[in-house]
Each structure stands twice: as structure tokens, then as C-alpha cells.
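S.K.: This is the structure I have questions about; it appears just below.
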Amino acid sequence: MSPAPTTPTPAQKDSSQVRQKEMIARHFDRLADAPGTGARSAYTFVPGNLTELLLSFDVLPVLPEINALQSAMRGKTAEYIAMAEKLGHSEDVCTYVKSDVGMMKSGNVGPTGQRLPSPDLLLLSYTGCFTFMKWFELLREEYHCPVAMLHVPYQADGRITDAMRAYVVEQLRTEVIPKLEAITGRAYDEDRLKALLAQSARAEDDLVWVLQSARHVPSPIDAYFGAVYYVGPIFSAFRGTEDAVHYYRELREEIEERIRLGKGPVTPDGEMDRERFRVVVEGPPNWTSFRQFWKMFADEGAVAVASTYSKVGGVYDLGFRHDPDHPLETLAEYCLGCYTNLNLPTRIDLLTRYLSEYLADGFLINSVKSCNSFSAGQLHILREVEARSGRPGGFIESDLVDPRYFSAANIKNRLESYFQMLDQKRLGAAS
Amino acid sequence: MNYTVGIDLGSTTTKAVVLGEDGAVLGRGITNSRSNYDVACQVALSEALINTRFSLIAGEFRALARDPSRAPAQIAALARRFRAEQYRSQLRVLDEELHRFLARLLTRPPGAASVVDRILGRMSAEVDDLYADGARRRSDFFRDLAGSRYLALAEEEARATGIGFDLLAGLFDKAILDVENSSEAAGHFDQHAAVALGGLPDADPTLAAAVARVASMPLTQVGSVGTGYGRARLPFPEGHIRSEILCHGLGAHAMYPGTRTVLDIGGQDTKAIQVDEDGIVTSFQMNDRCAAGCGRYLGYIADEMSLGLHELGPIASQSSAPVRINSTCTVFAGAELRERLSLGEKREDILAGLHRAIVLRAMSLLARSGGVKDEFTFTGGVARNEAAVSALCALVEENYGARTVNISEDSIYTGALGAALFALRAASRESHSSIDAPEEPS
Amino acid sequence: MTPDQQRSALVQRADAIFRDQSLAAVGEWKARTGGLAVGFLPIYVPRELLHAQGVLPVGLMGGRPDLEIIKGDAYYQSYICHLPRSTIELGLNGSYDALDGIVFPAICDVIRNLSGMWQMLFPRVLVHYLDVPQNFDPAIGGAFYRRDLEGLAEALAARGARRLTDDNLRQSIALYNEDRRLVRELYALRRREPWKVPTAELYVVLRAGLLLPVEESTPLFAEYLALAAADASRRPQDQARVLVAGSFCEQPPLGLIKTLERAGCYIVDDDFVQVHRFLRSDIPTDGDPLQRLVEAFLTDAVASPTRYIGDGVKGADLERRLAESGAEGVLFCAPSFCDPALLDQPMAARAAERAGIPWTAFKYAENSAQFQVIREQAGTFADSIKLWSGA
């Protein structure tokens, strides 16, 4: 979710970007040094990540999903995936997993070119994705380290019940915390956790402000491609840190300035002059051709004003904030509320709401082959959101990190057709 | 006079439609796309311009004719003769090319040249009959018309002379490309018009006047829009390109103003489009990256069965018990076909099953795009396939109730028509830069 | 009738039930009893609970190969498995009209999301997502699961089913214990004398059992067991003993099972219609019956790829099954795009290798119609096993 430091970022460097780069570099340095310093690391997932809890034990988080997407941006995943398939992994399954397996087999060199430490714990936060379980079963066979399973129930009826909350809290108490205590030799420090959670909430306030700034016309940000950079720190290793608080405050100030100057979002080709289309996007981006994909939007003057992908690590804009007064309960609530843990009717409500709140012309679904959690049912989502919002939806297909599934001509064709359709509708409405 | 043109560069054929300033269709042209897109566009446009002059003649003549009730018949006669001349002109080029390729062969069976001469001689002798009043032609494509005749005659000759049929067929396959890729092969308007007129000594003298007036009329392109598969490589200036989705929607609306749902099954993609009462696209769906369920799939099947693409539909229509085909995977099509044939299943039943399988894929795209509303317009190459049409009509009725299904004779021009209409709209707004038109016939 | 004829008549009867995708037998049962019928998707739901409330549990396993998918494909991209398409097709074409609800067990993201789609497509029927726990501590995962089952029972009662009582549940447990015991017997017989229990036959009987009330499936299984065991006319052949793994959700077409047997394989263990064998032994009928049901799931279930294997060893269950069944080879036979089966496969393959058992792998869809390639592959595999064991 955060850009690889080696990946060219948008043309203009804001100071928040510089700060983010430094944060990431320091984090990967700590990971690279871990074998020497004895620092412990836990591998875990973005949805339902328990960063504050890990940090309260001084355990360093490693996010294999982010490693995979960064490998894709660095053009490594074709090779990694081929390696995993050679080892017997099916061509049908999630390419994040195969990329990770391939990376591990290639020496576990991370996005900064530094070697990642082997995990001391696999924190299997089983939130919103069944593949997570298989993924860590596969890693466990390689690393032979303990696994902490945290089963997060699904919001099948569109709500979080007390039983769900209690179930997650009990697992934190009896499964996750004891295993963290065991690998670190330290006792659970609730006061420290509370302090971290308080900082999370501050950063979350600013993140929500940033994402909601896209309600302005023209939008000062791109809430899909651009948001990938914005959510980076809070979705990965930095939620709860002072760094994250500063980063989001700085980002917010930069965007306040953009609004004051009436500026549009920054794109791969610099600042967008004229916002022609405002769209809501559902589904993760493609990472192997991320910039090319983004350019296909930017070239048409299309700005993503809201996206669901920027909610996979937490749907904060619906009001949830980490609550330091109820540390384990709030972590449970957080896990339960991640986007991919929402049922389809709730996802449809959310998209429909974004369309009206963000004054969007329409919505686009990028359906990725890898991710059934996102993709199964997206055609139903398309149909329902169109019907409820009265705004047109577009449907494109690609993959997360498998370059074989990004057909640029095909996707460009659909996107152009879609934007021309919006244009024509507008002309039709005006005449 | 001023005209606008729309060109639809498809994966198999390239189509051009020429509109007058009032939006009326004046001419249509079609050619095979081949690898050279520029040539394909030029050939299609030059065809369409010839066709345009013809409709202009018809207009002029209707106004001038002494006996207007006889005018349509005379125009039709002129058109047939004109087409016959074009055909002859193309035959001449074909003849040259056949001999050219024959000369290049390393081992030439003795007598091959005279066999080619005999075939071409017989084909030339048949031209008048081919374009006689009331004669039925199975296609307007030179490739189809000449090809089926050539191959039939080649088979006879091969039997009689022992010269290999494959050799003769191979020659044709090479030569036809050059005929198609030449914007000159079909000849020039005024030459053909003069010959055609000469063949009608009893015609109303004002017909000659109409022809003369139109022949001297300059045709000025004031707008152009290109569309089609792989549009990124279209030889049109940027800003003159529209998505084929929009063009198909608008074209279908122009042909059938009641259209609300359009299905286009082309060579490489299938599109389901919903349009509003103005022909504006409200939603669309295209097939995924897999080519299963597109026209190309039928092409593979035809190759696999050594049949012509146009023969599949009629054979499939003979089936009384279509087999169930669950996979439309192009890669496995050949193997599945062979296995079924080896199991003793009938060719027509397998083909009927394959057509149904393709149509089922289209049904799911239609459902994704919002269903089938009234009226429903079916376009694209596959719309000319009777087996596909009947399977589609049955499934539409079964799933959506009775629908008016429009299939135009000119359905293949739907995208080009929409493009031309966009060009017409834009012509009044923007400054124009033209598509390279071939040399204006003078 | 000779025993052979009797058996073939029984299989035909079962086949007719299995073939009827419109669930006519369910409709008849409802008309007769006035009870509710509730469908469930793979792999496992505690049918005892439904039965105890007078509800007919109906096992839904997608569509047969002859089901033409017209509407279902409009809901799914090409890279998603086939079962949800046929399930939607059958829902939309009215085949499931007799059902008052469907239970969607938590086995994968596709089935999970289908539960939400069902809520929107069929707002009048009960949609229950059975979020089975991945924490197997009775006080934690058990408590959560128990609450989930109580919620299901309440939802059924709200729709007119009778209330769940301990006595009713105990009786139902006893009935299903017997039903499962017979299936275990059938599997044991097939292990011992696979020529007597062709899988293509057994499969049809088990599928029919999904659609019948337990009061009828048990006698069907018992009768089939007696007839199969007594049949001396079928003689052993030189076939390779294989375990078929991975077909626990979307089912292979019957033609595929027949293909494997004709290619020279005796299937001596498999994952087909797994609800009948998801629990490995009887559920005790004493004590708190709901708690017994919960504990059975926590401690006695097969090591499905959809289930987290806590501190256990991945693949140990496969090794155990290989030893118990005497299988000489493993056929990994998974539906295309089945995440749990395909992601599990490399680990399962390693377990087979640890056990020194050869394996091969292929994929299918429930509507696959061409088995030529699989026939070749399975035939070669069976031949190589026979050569190897004869050497």
C-alpha cells in the first residue's frame, strides 16, 4: 500500500512524502538489523493488523501483502510467481501468495533491497480473506515459527454483535498476547498500548480529513491511486506511532494549501489541470502497471474521489476510531470493521453513499483475478449500485501482481469507452 | 458537396459510411482489414465514395427523369452494370496477381497457367449473369463472390487436369490479398459509369445527364471519425477517434430509433450496450480477456472442420438435437470437436451446440449490462449467421419475453454509421482535419 | 429379483432423486409434513439442529453438468469457480423455491460473498451465514459457535419451526449418528473390497441422501450396504487404490468419477459429499446436546483445507487417511479456481511425499464434459502404480 522507496513517486515531492520515505527507510533498516539487534518481528496482514499491540511489545511488523505489491512495482513478481508455480502452486490462486513464496525462495529481499528477517511469529489476523489462513500455513512450513490465529468473524448481517466482539477479545487475551509475551519475554503492557492507541486516533482523524477532502470540486487529491500513498503508513507498520501523527498532520496541511490554491491532484505527469470526471473506484489497483493504469485515468482528466481499496486497512470514515479507554475491545472492533469484512449489501451501501457524497459522475470496478474476497459478487455490486445511484458503472479486469493479467490495450479501451460515455451523457443532458 | 465519413476498423473487416450534410447515408464501403490499417481505411473509403456517387446519381435522376415511376428500375440496372464493371475490374487484377504468383512458384505444373486462364475466363463470362436482374448473390464481397466461384471451378479443373486443387486454392489465397489491399483494383467511378451507361441504350437520356453531373461534382470531406478494435493504432488524428461502444450505440439508434439494447458480436469482442432514446450509451459490458464466445471462435471451428465461416450457420440450422457444449474455450475447441465427432455425434448437432454456447456467453454480457429491453438490435458479423440469430432470439424471448429484434442487412456498418454521425456533429463544432482520402475520381 | 437387480434398482432410485435439480422430493416432503426445508451449501452444517426443529436439511452442491447456465454467468467473472453460478441459476430459475432458507457455511470467500448476494436476490428467505470458528478452545471458539447455532435455531423458530429442545436434539443426534455410522461402514467396505462398492454408485447414493430426510436416507444407506456386501458377483480386478482429495465443495461430474474408475483406479477414500463424514465418530447422546454438537465440530472434524490446523501438523490427517485406506496413490482432484483446495495442495502433496505415496493432480468444473485428458492421466498414473507395486 505504501510506495516502494525505489518507485518514482509523483513528480512533485511534498514534505510529507519525504517524511514517509524516511519512515519506511528507518523501518526497513530496523528489520534488516534485527538479526543483530535481536529485535523480534511478526508477519501479519493489512486488514485487521494489530500494529499498536505489536509495537507495545516492540515487535516489528512485516506485511507480506505490501512486500508483494512493492515487488510488483519493482517488476519482480513475474519471476516470483513463476517460481511458486514451479513449486506446485496453481495458476488459479492468489498472486500475492505466490509472489511472497517466490520472494522468500529468492532470499527474502524486501522492497529496499535489504534482507527481511525471518518471522518470530506469524500473526494470522484472519480478517476478511480466507486465503490469509492458507498463506500462513504455507509460511509456517517454511519458517517453523509459532502462529497466532486470530479469527475475526464476518459481518454477514451487516453489523457487529457483542458475541463477535467478545470472541475476538478473548482470542487476543488467550492466543495473541500470550504468544507475543512468549516471543519477546515481556509482559503485556496495557498502558503502553493505550498510549499508542491514543496516537492512532489522532492520525486517523487527519487521515479521514484527507480522504474526505476529495469532496471539494475540484478534488485536491486522487482518492484511489494517490490514496495508496496516503494510507501507506497507517495501513502498515506505523499506526500508533508519533511518526504517523506527524505525517498525517503534515499531509493535511499540504492538502489544505492545495484547496486554498484551487489545485487538483498530483498525477504521474504532474498536477492535473482540469478535472473532467469524478469517479468512485471499487477494488484494489493493479500493481505491475500501477503508473500506466493511473495515467489512463489522468490522461482523461478522471479523478478518483473515493475508493474502497483505501478502506481495506480500516473504514475510518464511518466514524470508527481506536479508543484508548477500551484497548482490546477497540482492536476487536477495528478488525471486524475492515472493508473486506463487510457483507455485500453493506459494500453496496457504502459505494452508493460515496457516489452521492463525493459528487461522482460514476464508478469503476477493477476486478482482480487474485482476490475472491473483493471480486466474487462484484458484478452484482455493479448492477445494484447502478440501480440505486442511477450513475453508470464501468468494469475492468486485471490482477494484483501478475503481469500476465494486465492487458493494457484492453483496459484502456474499456476506460476510454467509459469516459466517453460519461462525456456523451453530459453533452446529452446539456442539450 | 460536403460529406462526413465514419470508419470502423474492425479486426476482420474495415467499414466506411459516408453521410451527406443532412445526415442521410450516401455510401458504404467495406474491405478486409488485413495488416495494413491505412490501406484498409483507404479502400473502404474509396468504396464508400463510389457508392456515394451512385446514390447521388439516383437522387439527381429521380428529379430529372421523364417517367419517375421507371426511375428506380433504371437506377437499379445502372447499379448492377456498374457493379459488374467493378467486379470485372477486380477480376482483371486477380488474373494478373494469380499469374504473378504462379510465375513465382519454383515448380510449376505444366498447364497451370492455362488452367488459371480457363477459370478466369469462365468467371469473366459469368459476370453478366451474376449481375443480371433478379440474380441472387451470396455476398457483396469480391472475396466471397469470386472466391466461391474460383474454388468451385478450380475443383473441376483439378479433377479434369490432375493439377492439385491445393495449389490453385493457395494461389487464390495469395492473390486475393493484393486485390483487397489495392484501392485501385475496383477501378474508377467515371470509367465504370460510362460503360454501365453504354450498356443501357434504351435508358432515359436524363440518366446520362445525372451521371455526368454527379461525376463532375467535387466531394469534400468536412469531418471524419474513426473507431474500431485496437483504436490506439488507428490512422486517424487524435480527437477524431470515438469508442466503438459509443459508435455502435449511436449507429444502432440511427438505424432503429426504438433501439434500447444493442448486442454486437464481432471477430474479437462482444459488446452489450444499453442506449437511451437519443442513442446515448447508458451502460455497456464487453467480454473478458478470453476470446471465447466471439466471432473468432466460429472461425476456429470453421477451420477445424474445413468449412467456410459462412457455411457454419446453415449447417447448424439443420440440427434437430443440438449437443450441449459447456466450454467455449477456443484453445480446447478443436480437441472437443474431434472427440465429439469421433463419438459419432452429428456435425450439425455439434455446430448447433457451439452456436448456442456462444450465444449463452452473449446472454450473460447482456444480463450484466442491464438485460434486453425493447427494441433489441443485433449487429456484427455473427448477426449474419442464421443459427446464432435463431438461438439468440429464442433465448431472449425465454428470458426477457417478446422483444422486437432488429437485424439490419447493413448491420455490419453500425459502428461506422455511428462514427459518421459523430463526425457530422463535430463538423459543425470543430475545425476539421481530414482522413487521407484517396485520389478523388475526377 | 436377484441381489444384483435389487441393487441396481436401488441405485436407479437414488439416481432419480439426485438427478432432480428442482428438488421435487423436497416439495413433496413439505406438502406431506408442513415443515420447513432449509438448504445448506458445502461442506458441513449440523443437520441435527435443523432436524430437531422439524426442519428438513437439504444439501445443495451446485448444478449437474446438464444444467445450462444462462443467468448465473452474469454474476461471475471467468476466474471464479462454477458452483456459485449454478447455485444462482437454480435459485433464479425457481428450482429452490421449496426452500425456506439457505445456510452458507464459512468455507471460502466465494461462498461467503454469495450469502450477501442471496440476501439481496431472495430477500424473503432465511439466509444464515454459519461462521464456524477457527479457534477450537471450547470456551472461546466453542462459545462463539454455540451462540451462532442458537442464533440459527432462533431464526428458524421465528419462521415457524418448532423450538429447539434438548430432548429433540438428542433424538436427532442419535438418528444422524446412525446415518453417519452407515456411511462409515460403506467407506470401510469400499476400503476392504472396493470392487463391491463402485464409487460412481456410492456417490449417487450419498447424493440422494443429501436430499432425503434422515428417516429415509438411513434405510437407503443400510439397504445399499447390505446389498453391496452380499454381492458375490463382482470380482476384484487389477486396479490401483487411490485417494481422491480436493473435491469437497464443487463436485466433479459423475462422468469424471466413472472415468477414474474405468481408467484403472479403485477410489478407496475421497472428499465427495463430505457432510456425511465431516465428523469422524458418533456424537455422545448424553449431557447438553447442543454443547455436544459444538464439541464434535471442535474436536472430531476432518482436517478440511477450510479449517485451521492449530498446533497440529499440516497434512497429518492425509497421512493418516492414506494409511487407513491403504491407498497407493493420491489424485488431487480440485475444482478450477477453488482457493481452499488449490492453496492446500502443495502442503498436501508434501504430506503424500512424506508418506512415500505418489500423486498426480488435475482440475475440473462441475460441468466438465470432456475427460479425455484426465482419462489418460489417471490411466497412466494407475498403470505406473501397478507396475511399481508389482515390481
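Just so we're on the same page: first chain in the C-alpha cells is A, next is B, and so on; residues restart at 1 for each chain, and ligands are numbered from 1 in the order they show up.
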Would you please give, as number ranges by chain, all residues of range 40-282 of chain B that DSSP assigns to helix (DSSP H, G or I) based on the backbone?

M.R.: B: 40-64, 68-104, 112-125, 127-130, 142-161, 165-180, 189-198, 205-215, 231-233, 244-255

S.K.: Considering only C-alpha atoms, return as a tab-separated table (two decimals) with N, CA and C atoms, in the first residue's frame whatever protein or nucleic-acid residues lie within 9 Å of Val25 in chain B, sequence-local ones (same chain, fewer than 6 positions apart) excluded.

M.R.:
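Output file selection-v1.tsv follows:
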```tsv
chain	number	residue	atom	x	y	z
B	17	VAL	N	-18.68	4.60	-43.79
B	17	VAL	CA	-20.00	5.11	-44.11
B	17	VAL	C	-19.87	6.60	-44.38
B	18	VAL	N	-20.46	7.04	-45.50
B	18	VAL	CA	-20.40	8.45	-45.89
B	18	VAL	C	-21.78	9.07	-45.71
B	19	LEU	N	-21.81	10.20	-45.05
B	19	LEU	CA	-23.08	10.90	-44.82
B	19	LEU	C	-23.09	12.23	-45.55
B	52	THR	N	-21.28	6.42	-52.85
B	52	THR	CA	-21.90	7.73	-52.62
B	52	THR	C	-22.33	8.36	-53.93
B	55	SER	N	-25.44	6.90	-55.11
B	55	SER	CA	-26.70	7.38	-54.53
B	55	SER	C	-27.01	8.80	-54.96
B	417	LEU	N	-21.43	3.83	-39.09
B	417	LEU	CA	-22.52	4.81	-39.17
B	417	LEU	C	-22.50	5.72	-37.94
```

S.K.: From the DSSP assignment of the backbone, select every residue of range 65-249 of chain C that is strand (DSSP E), and format the answer as a list in words.

M.R.: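 Selection result, strand (DSSP E) within range 65-249 of chain C: Gly101, Ile102, Val103, Phe104, Pro105, Leu126, Val127, His128, Tyr129, Leu130, Ala240, Arg241, Val242, Leu243, Val244 and Ala245 of chain C.
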
S.K.: Tell me, as a PyMOL selection string, which residues lie within 12 Å of Trp118 in chain C, counting only C-alpha atoms; anything in the same chain fewer than 6 positions away does not count.

M.R.: (chain A and resi 156-157+343-345+377+380) or (chain C and resi 75+84+87-92+96+101-104+111-112+124-129)

S.K.: Please provide the set of residues having any atom within 7 Å of Arg276 in chain A, restricted to only C-alpha atoms, with same-chain residues fewer than 2 positions apart removed, written as a ChimeraX atom specification.

M.R.: /A:274,278,301-302

S.K.: Might you pull out every residue within 12 Å of Asp137 in chain C, with only C-alpha atoms counted and same-chain residues fewer than 6 positions away left off, and present them as an mmCIF file with C-alpha atoms, in the first residue's frame?

M.R.:
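The resulting part_18.cif:
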```cif
data_model
loop_
_atom_site.group_PDB
_atom_site.id
_atom_site.type_symbol
_atom_site.label_atom_id
_atom_site.label_comp_id
_atom_site.auth_asym_id
_atom_site.auth_seq_id
_atom_site.Cartn_x
_atom_site.Cartn_y
_atom_site.Cartn_z
ATOM 1 C CA MET A 149 -4.528 -17.347 14.844
ATOM 2 C CA TYR A 167 -14.877 -13.731 20.609
ATOM 3 C CA GLU A 170 -10.960 -13.500 24.097
ATOM 4 C CA GLN A 171 -8.645 -14.617 21.330
ATOM 5 C CA THR A 174 -5.672 -16.078 25.279
ATOM 6 C CA GLU A 175 -3.936 -16.538 21.957
ATOM 7 C CA ALA C 143 -18.812 -20.357 22.921
ATOM 8 C CA PHE C 144 -18.918 -18.298 19.747
ATOM 9 C CA TYR C 145 -20.093 -21.265 17.674
ATOM 10 C CA VAL C 294 -20.344 -27.843 19.323
ATOM 11 C CA GLU C 295 -17.624 -30.054 20.747
ATOM 12 C CA PHE C 297 -17.176 -29.745 15.482
ATOM 13 C CA LEU C 298 -14.262 -28.512 17.574
ATOM 14 C CA THR C 299 -12.570 -31.813 18.231
ATOM 15 C CA GLY C 310 -3.989 -25.078 15.063
#
```

S.K.: For a quick check of understanding, using only C-alpha atoms, which of B:Ala193, B:Cys247, B:Ala73, B:Leu421 has the smallest distance to chain A?

M.R.: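 Smallest separation from chain A among the options: B:Cys247.
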
S.K.: Hey, which of C:Gln372, C:Ser217, C:Ser86, C:Ser247 ends up closest to chain B? Count only C-alpha atoms.

M.R.: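 Using only C-alpha atoms, the shortest distance to chain B belongs to C:Gln372.
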